[in-house]
Each structure stands twice: as structure tokens, then as C-alpha cells.
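Following: one structure in C-alpha cells, then a few remarks.
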Amino acid sequence: MRKHLPRRLLARRSFLKGLGGTLALAAGTGLVPDFARRLLPSGVALAAPGDPPDLFFAGTDGWMSLPPGPPISYFHPDSYAPAPYTTYIFGFRNVTLLGDAQRADQKLKAQHTAPLFYLDEFDPSTPATDPLTRRRITDGFWLDLTNLGLGMRPDLTDAHTVHWHGFRNVITFFDGEPTGSVAVPVGRRFRYVYRPRDPGTYMFHCHVEDVEHVHMGMTGPVFVRAKQNFTGNGPSVPVARLGGNAAPGAPMGYAYNDLDGSTAYDREFAMMLTEVWAEAHWCDAHIQLPEWSDYRPDFALLNGRVHPDTLAPNGSIDPFHPVTDPGGDLLPPQPRAGEPAGAWDHLRYQPLSALVQCNAGERVLLRFANLGFREASMTLAGLRMRVVGKDATPMKGRDGTPTGYEAQTVNFGAGESIDAIFTAPPVTAPTTYLLFNRSLKRSANLAGGFGGQMTEVRVYPAGTVPPQTIPNEQFDL
Ligand SMILES: [Cu+2]
């Protein structure tokens, strides 16, 4: 036996080796799609010079600000945090319009949540150009990712990815799940290609060491707009404003290809839920290892902020027209009339507001996505929301039977999304409603009295609030 076994193993190994060689040869002659063959051997990006992506994101680390309050623990605020910040994060930045030097300078300037983006359903049959996004019909949507490294942790050479969570029938190569695909090492650049065919609300995150990178802040909202915006469906379902219809009364868009107009909306707001466990963030800044099974988050965030910061103005949130200072860094949200200069400087890296403003009678689409690790229970007190979609799936049976429902509270777990539409009541004076996580610990947080996942819906008399040109847009009223 002893004599023969090694020989058999050897033979088996030779056989496998031979088979591998055959596969490699086959791959070279056509099993591997063009993009992979061009990318894998050289390790360089697909992009030809002069062939810019639709969006270009960078992964890095940075600092953000949460209410310091009375110190809630040894770990918050972080003693390393430069004023006015409190908390170390990993995150993304939109570097689409930056030059090479500006882009490199964004190391240690990540934002949370990651930049919101949205695109139209892939539809080669209606090659129109969305006036509000940029639309690529023929070759899909291109998102480039580079990795700037971690400014606070040069010892960590973690790669990053963009994983579009919930994308159906994904091409593994573009999935951003590093054990089945590729990740982007420090200093490299990779192009993701998407042809999204399922409208709805999604989220994206880095999938490298994902418990850590997700919790550290590499999470953001993304949604796909329905092609019904461009096609309409007969006289009762007009082409939407997003599809180029400027007629008064046309809805901004449709959440889904509903065929009956039941998911029409006049405004849309991303509502991204995340969490911060101060101890873990402190550990990453101070070269310590958190024990993830001790997970006990201190802050519950809405669009990367806690109340009352959720009501503060937006920074630069238009993914296709990002605004920066001359060095390429984000500008802090600008104070509204009457607010002191520098009022929102601490929110420089938390640009996405959660304030909802709308006119009486308008239909408002709330696009909830949860990338904390816990179930959420969001209540819009005094108003009923109609849930029209869940996890980027319309609430309709196969025979078209509506399965949506009305509720003041929507429940959804980690990694889940909800599309809910409410109709603003016919107010004659500005009226405010609260939208909050009904888990008191998460709407008040552990800082004691500081708000958490809470924001306001402000309804104004008809004609007060101008039409939205981008999601989450708000106005100085
Ligand atoms: Cu990462």
C-alpha cells in the first residue's frame, strides 16, 4: 500500500494539473469573456484613456461627527479625533470630477454615508437621455473604484470593493464579493459595469472584511428608476418628469413599472439606516482589535447623521455634479438664512440631509435601506405610508393583485429595503410630522437625550416648495 499510494496520488495530481492546463488553454481561447481576459492578466483598468466612467468612487478612511454630549464611554469622543470630529470611519468619496492630485488628496477624507447614486433601468429600446441623471443605454453604467489607502492605518493594506446588495442575476465579476470576484488593492482602479433591469431601492457596501468595513461606514444607498418614467402607459399613466415630460401635473417618476400609475411620486428621499458602535471605531483608530461578537452600537444614524443634525442642510449630494473646494475636498453644508456662519462645519463629511419638505397633496416616496446590523421600525407619526415595494420588488402578485399595504410603521431587517409613499395632507399652514425609529434607544441614543434615527417631514401649503431636481433636495424656505 505504502508503495503504491504515493504513485497514485502523484498520478492524480498530474491528471489535475493536466486538466488545469486544459482549462487555462480553453480560457485563453474563449471561455473567459472579453472584459476578464483583458483585465486579469495585466491587472490594469478596463478604461481606455478618454473613456470616462459615469461615476468614480474612492475608498479610504476619515472622521465624522456625532454628538459629544456627556462622554458616554472611554471610546467617545475619540481622543485622536481632530476638532470638530469625534469618530473614525472607513468610507467612500465621489471623485468623479477630480484630477489625479486632487483625488490622491482625499485620503483620510471619507464620508458617511457613502455617496448616494441612482441610475435608470437598462433599456436599449428607449434611448432617451434622462435630464436629471446621465443615462447610458448601449453599454451599461460604469462605476470606477479606486483605493486611496487608510490615512490613520498605514499598517492596514485592506482592499475595497463596491458590492451592489440585492442586484439580481449579477455577473460575479462585478459583484464586489471578494472571495468570488476581485477586490481593489491600494493604488489600483477597477471598473464595475451594471445593466440594472429591476427598478427599486438598493444599497451598496464594501464587501472586504465586511463586518468591519460595513460597520466602519462603507455603506450607501443606490436606486434604479423605472423605465415607465420614459414610456408611460397610455393616457392615464403619462410619461414622468424624469422621462422628460414638462407638463404640469406629470409625476416626478414611478417607483416601479406598475402599468397603472399606482407608484407615481412627486418627490423622493433616500433614508439610509446605519449604526456606530463607538468602541469598534475607536479600536480601528487606535490599532486595537474589537471583538465583534460584543456588538453593542451606541448611535443609530439616518443618512449618516443623528437628530437634530438630520435636519441640517445638504452638502454636495448630486452624484453627477459633485461640488468640492479647490483641493477636491467636500465643502461643509452651507448655513441657511439666519443660521450662524460655520453652523454645519462638523457635518463636512456627512453631507446627506434627511429633512423631508413637500407641498400639500404631493406624493412622497421614502426609499428606506438598512445597513445596520439590527431590525428597524420606522414610524411616520400621524401619516400613513403605502408600502409599494420591498427589496426592489414591487408589491404585486404574479396576476397583478396589489399586495402593498398601508402603515404608520414599517419594519425591515438589516440588508432590506422598503419603498413607501405617503400623500401629504392638505395643510394650509406649515405642518411638521416626525419620522423616527420607534425603538426609543435608537431614536434617543445612549448619549442621553440626543436624537438618533429621527427626522422631520415638513408639509407646506401647495405651491410653496419648488420641484425637486435631485433626490433629497431641500430648499431654504
Ligand atoms: Cu473596504
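Residue names in the C-alpha cells use chain letters A, B, ... in the order shown, residue numbers from 1 in each chain, and ligand numbers from 1 in the order shown.
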Identify, counting only C-alpha atoms and all ligand atoms, the protein, DNA and RNA residues located within 6 Å of ligand 1, and give them as a list in words.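 Residues lying within 6 Å of ligand 1: Ala159, His160, Cys206, Val208 and His213 of chain A.
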For the residues selected in the previous step, produce a file with N, CA and C atoms as a CSV table (one decimal), in the first residue's frame.
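As a result, selection-v5.csv now contains:
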chain,number,residue,atom,x,y,z
A,159,ALA,N,-8.0,45.9,0.9
A,159,ALA,CA,-8.6,46.2,-0.3
A,159,ALA,C,-10.1,46.7,-0.1
A,160,HIS,N,-10.7,47.2,-1.1
A,160,HIS,CA,-12.1,47.6,-1.0
A,160,HIS,C,-12.8,47.1,-2.3
A,206,CYS,N,-18.9,48.1,0.8
A,206,CYS,CA,-17.6,47.3,0.6
A,206,CYS,C,-17.8,45.9,1.2
A,208,VAL,N,-15.2,43.7,1.6
A,208,VAL,CA,-13.9,43.2,2.1
A,208,VAL,C,-14.0,43.3,3.6
A,213,HIS,N,-15.7,46.6,7.6
A,213,HIS,CA,-15.8,47.7,6.6
A,213,HIS,C,-17.3,48.2,6.5
I'd like the contact shell of Glu279 in chain A - 12 Å cut-off, only C-alpha atoms, skipping same-chain residues fewer than 6 positions apart - returned as a PyMOL selection string. chain A and resi 72-78+87-89+215-216+285-292+294-299
Output for the residues just chosen: N, CA and C atoms as a tab-separated table (two decimals), in the first residue's frame:
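Output file part-v9.tsv follows:
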chain	number	residue	atom	x	y	z
A	72	ILE	N	-20.02	59.20	26.76
A	72	ILE	CA	-20.81	58.00	27.04
A	72	ILE	C	-19.91	56.83	27.37
A	73	SER	N	-18.65	56.95	27.05
A	73	SER	CA	-17.75	55.87	27.39
A	73	SER	C	-16.34	56.37	27.13
A	74	TYR	N	-15.40	55.55	27.47
A	74	TYR	CA	-14.00	55.87	27.22
A	74	TYR	C	-13.76	56.11	25.74
A	75	PHE	N	-14.59	55.52	24.89
A	75	PHE	CA	-14.31	55.46	23.46
A	75	PHE	C	-14.91	56.61	22.66
A	76	HIS	N	-15.70	57.46	23.32
A	76	HIS	CA	-16.37	58.52	22.57
A	76	HIS	C	-16.44	59.79	23.39
A	77	PRO	N	-16.05	60.94	22.85
A	77	PRO	CA	-15.43	61.10	21.53
A	77	PRO	C	-14.02	60.52	21.52
A	78	ASP	N	-13.57	60.13	20.34
A	78	ASP	CA	-12.24	59.55	20.17
A	78	ASP	C	-11.18	60.62	20.45
A	87	THR	N	-15.34	60.76	15.52
A	87	THR	CA	-15.44	59.32	15.28
A	87	THR	C	-14.70	58.93	14.01
A	88	TYR	N	-13.85	57.92	14.12
A	88	TYR	CA	-13.08	57.42	12.98
A	88	TYR	C	-13.96	56.53	12.10
A	89	ILE	N	-13.82	56.69	10.80
A	89	ILE	CA	-14.64	55.88	9.87
A	89	ILE	C	-13.78	55.37	8.70
A	215	HIS	N	-19.50	48.12	9.06
A	215	HIS	CA	-19.78	48.86	10.27
A	215	HIS	C	-19.00	50.17	10.35
A	216	MET	N	-17.81	50.19	9.77
A	216	MET	CA	-16.98	51.41	9.81
A	216	MET	C	-17.50	52.49	8.87
A	285	ALA	N	-9.09	53.12	15.09
A	285	ALA	CA	-8.21	54.29	15.08
A	285	ALA	C	-6.97	54.06	15.95
A	286	HIS	N	-7.12	53.29	17.00
A	286	HIS	CA	-6.04	53.13	17.99
A	286	HIS	C	-5.30	51.80	17.85
A	287	ILE	N	-5.41	51.19	16.70
A	287	ILE	CA	-4.69	49.94	16.41
A	287	ILE	C	-5.01	48.87	17.45
A	288	GLN	N	-6.30	48.73	17.74
A	288	GLN	CA	-6.78	47.67	18.62
A	288	GLN	C	-7.78	46.83	17.84
A	289	LEU	N	-8.02	45.63	18.34
A	289	LEU	CA	-8.97	44.74	17.66
A	289	LEU	C	-10.28	44.68	18.42
A	290	PRO	N	-11.38	45.16	17.82
A	290	PRO	CA	-12.66	44.99	18.50
A	290	PRO	C	-13.09	43.53	18.45
A	291	GLU	N	-13.87	43.12	19.43
A	291	GLU	CA	-14.46	41.77	19.43
A	291	GLU	C	-15.89	41.91	18.92
A	292	TRP	N	-16.09	41.52	17.67
A	292	TRP	CA	-17.36	41.84	17.01
A	292	TRP	C	-18.56	41.15	17.64
A	294	ASP	N	-19.22	41.19	20.59
A	294	ASP	CA	-19.70	42.07	21.66
A	294	ASP	C	-20.56	43.22	21.13
A	295	TYR	N	-20.91	43.16	19.85
A	295	TYR	CA	-21.54	44.29	19.16
A	295	TYR	C	-22.64	44.97	19.99
A	296	ARG	N	-22.43	46.25	20.25
A	296	ARG	CA	-23.39	47.00	21.06
A	296	ARG	C	-23.35	48.45	20.59
A	297	PRO	N	-24.04	48.75	19.49
A	297	PRO	CA	-23.93	50.10	18.91
A	297	PRO	C	-24.46	51.18	19.84
A	298	ASP	N	-23.79	52.33	19.81
A	298	ASP	CA	-24.17	53.46	20.65
A	298	ASP	C	-25.06	54.44	19.91
A	299	PHE	N	-24.85	54.54	18.60
A	299	PHE	CA	-25.59	55.53	17.82
A	299	PHE	C	-26.35	54.84	16.68
So that I can check the secondary structure, give me every residue of range 65-303 of chain A assigned helix (DSSP H, G or I) by backbone DSSP, as number ranges by chain. A: 100-104, 172-174, 210-215, 228-231, 241-243, 278-285, 292-294
If you keep N, CA and C atoms, can you produce a file of those selected residues as a compact mmCIF listing (two decimals), in the first residue's frame?
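Resulting contents of again-v4.txt:
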# COMPACT_ATOMS: atom_id res chain seq x y z
N ASP A 100 -5.95 63.91 -10.84
CA ASP A 100 -5.20 62.87 -10.14
C ASP A 100 -4.68 63.34 -8.78
N ALA A 101 -4.12 64.56 -8.73
CA ALA A 101 -3.55 65.05 -7.48
C ALA A 101 -4.66 65.32 -6.46
N GLN A 102 -5.75 65.92 -6.94
CA GLN A 102 -6.88 66.17 -6.03
C GLN A 102 -7.41 64.85 -5.48
N ARG A 103 -7.51 63.87 -6.34
CA ARG A 103 -8.06 62.58 -5.91
C ARG A 103 -7.17 61.96 -4.84
N ALA A 104 -5.87 61.98 -5.05
CA ALA A 104 -4.95 61.41 -4.06
C ALA A 104 -5.07 62.13 -2.72
N THR A 172 -20.74 37.74 -11.59
CA THR A 172 -19.88 37.60 -10.41
C THR A 172 -18.73 38.58 -10.43
N PHE A 173 -18.20 38.78 -11.61
CA PHE A 173 -17.03 39.64 -11.75
C PHE A 173 -17.29 41.04 -11.21
N PHE A 174 -18.54 41.50 -11.29
CA PHE A 174 -18.86 42.86 -10.85
C PHE A 174 -19.60 42.87 -9.52
N ASP A 210 -16.18 42.30 5.67
CA ASP A 210 -17.36 43.15 5.57
C ASP A 210 -17.99 43.52 6.91
N VAL A 211 -17.86 42.70 7.94
CA VAL A 211 -18.40 43.14 9.23
C VAL A 211 -17.73 44.45 9.64
N GLU A 212 -16.42 44.48 9.46
CA GLU A 212 -15.68 45.68 9.84
C GLU A 212 -15.94 46.83 8.86
N HIS A 213 -15.75 46.59 7.57
CA HIS A 213 -15.84 47.70 6.62
C HIS A 213 -17.27 48.24 6.52
N VAL A 214 -18.26 47.36 6.65
CA VAL A 214 -19.65 47.84 6.66
C VAL A 214 -19.89 48.67 7.91
N HIS A 215 -19.50 48.12 9.06
CA HIS A 215 -19.78 48.86 10.27
C HIS A 215 -19.00 50.17 10.35
N GLN A 228 -40.69 53.01 -16.94
CA GLN A 228 -42.01 53.61 -17.15
C GLN A 228 -41.94 55.14 -17.09
N ASN A 229 -40.90 55.67 -16.42
CA ASN A 229 -40.71 57.12 -16.42
C ASN A 229 -40.62 57.65 -17.84
N PHE A 230 -40.07 56.86 -18.74
CA PHE A 230 -39.86 57.29 -20.13
C PHE A 230 -41.00 56.86 -21.04
N THR A 231 -41.62 55.73 -20.71
CA THR A 231 -42.62 55.18 -21.64
C THR A 231 -44.04 55.56 -21.25
N ARG A 241 -41.81 63.28 -15.24
CA ARG A 241 -40.89 64.40 -15.37
C ARG A 241 -39.46 63.90 -15.58
N LEU A 242 -39.11 62.82 -14.89
CA LEU A 242 -37.78 62.23 -15.08
C LEU A 242 -37.59 61.73 -16.51
N GLY A 243 -38.70 61.45 -17.20
CA GLY A 243 -38.63 60.99 -18.58
C GLY A 243 -38.71 62.11 -19.58
N ALA A 278 -19.20 52.88 19.12
CA ALA A 278 -18.05 53.77 19.31
C ALA A 278 -16.78 52.99 19.63
N GLU A 279 -16.91 51.92 20.40
CA GLU A 279 -15.73 51.16 20.80
C GLU A 279 -15.00 50.57 19.58
N ALA A 280 -15.79 50.05 18.61
CA ALA A 280 -15.16 49.46 17.42
C ALA A 280 -14.45 50.52 16.60
N HIS A 281 -15.07 51.69 16.48
CA HIS A 281 -14.45 52.76 15.70
C HIS A 281 -13.18 53.25 16.40
N TRP A 282 -13.23 53.35 17.72
CA TRP A 282 -12.05 53.74 18.49
C TRP A 282 -10.93 52.71 18.28
N CYS A 283 -11.31 51.45 18.34
CA CYS A 283 -10.30 50.39 18.20
C CYS A 283 -9.58 50.49 16.86
N ASP A 284 -10.32 50.74 15.78
CA ASP A 284 -9.68 50.83 14.48
C ASP A 284 -8.75 52.03 14.40
N ALA A 285 -9.09 53.12 15.09
CA ALA A 285 -8.21 54.29 15.08
C ALA A 285 -6.97 54.06 15.95
N TRP A 292 -16.09 41.52 17.67
CA TRP A 292 -17.36 41.84 17.01
C TRP A 292 -18.56 41.15 17.64
N SER A 293 -18.30 40.04 18.35
CA SER A 293 -19.45 39.38 18.98
C SER A 293 -19.96 40.17 20.18
N ASP A 294 -19.22 41.19 20.59
CA ASP A 294 -19.70 42.07 21.66
C ASP A 294 -20.56 43.22 21.13
Point-to-point distance from CA of Asn314 in chain A to CA of Val356 in chain A, Å rounded to tenths: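 It comes out at 11.6 Å.
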What does the distance from CA of Leu380 in chain A to CA of Met218 in chain A come to in Å, to one decimal?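 A separation of 27.2 Å between them.
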Within 8 Å of Arg168 in chain A, counting only C-alpha atoms, which residues show up once you throw out same-chain ones fewer than 2 positions away? Write them as a PyMOL selection string, please. chain A and resi 166+170+198
Residues of range 198-426 of chain A in strand (DSSP E or B), written as number ranges by chain: A: 200-205, 219-225, 253-254, 264-265, 267-276, 299-302, 305, 324, 330, 356-359, 363-370, 376-380, 385-390, 393-394, 396, 402, 405-407, 409-412, 417-423
Show me, as a list in words, the residues that have an atom within 12 Å of Ala429 in chain A when counting only C-alpha atoms, minus same-chain residues fewer than 2 positions from it.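 Listing them by chain and then by number gives Asn359, Ala360, Pro425, Pro426, Val427, Thr431, Thr432, Arg458, Val459, Tyr460, Pro461, Ala462, Gly463 and Thr464 of chain A.
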Output file for the residues above (C-alpha atoms, as a CSV table (one decimal), in the first residue's frame):
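Below is the file again17.csv, written as the result:
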chain,number,residue,atom,x,y,z
A,359,ASN,CA,-46.3,70.5,-0.6
A,360,ALA,CA,-49.8,69.6,0.4
A,425,PRO,CA,-52.2,66.2,3.9
A,426,PRO,CA,-54.0,69.3,2.7
A,427,VAL,CA,-52.5,71.7,5.2
A,431,THR,CA,-47.1,71.4,9.5
A,432,THR,CA,-44.4,69.1,10.9
A,458,ARG,CA,-42.4,69.4,6.8
A,459,VAL,CA,-45.6,69.9,4.8
A,460,TYR,CA,-46.2,73.3,3.3
A,461,PRO,CA,-49.3,74.8,1.5
A,462,ALA,CA,-49.5,73.9,-2.1
A,463,GLY,CA,-47.0,75.7,-4.4
A,464,THR,CA,-44.5,76.6,-1.6
Spatial neighbours of Met378 in chain A, 8 Å, only C-alpha atoms, chain gap at least 6 places, as an NGL selection string: :A and (409-411 or 435-438)
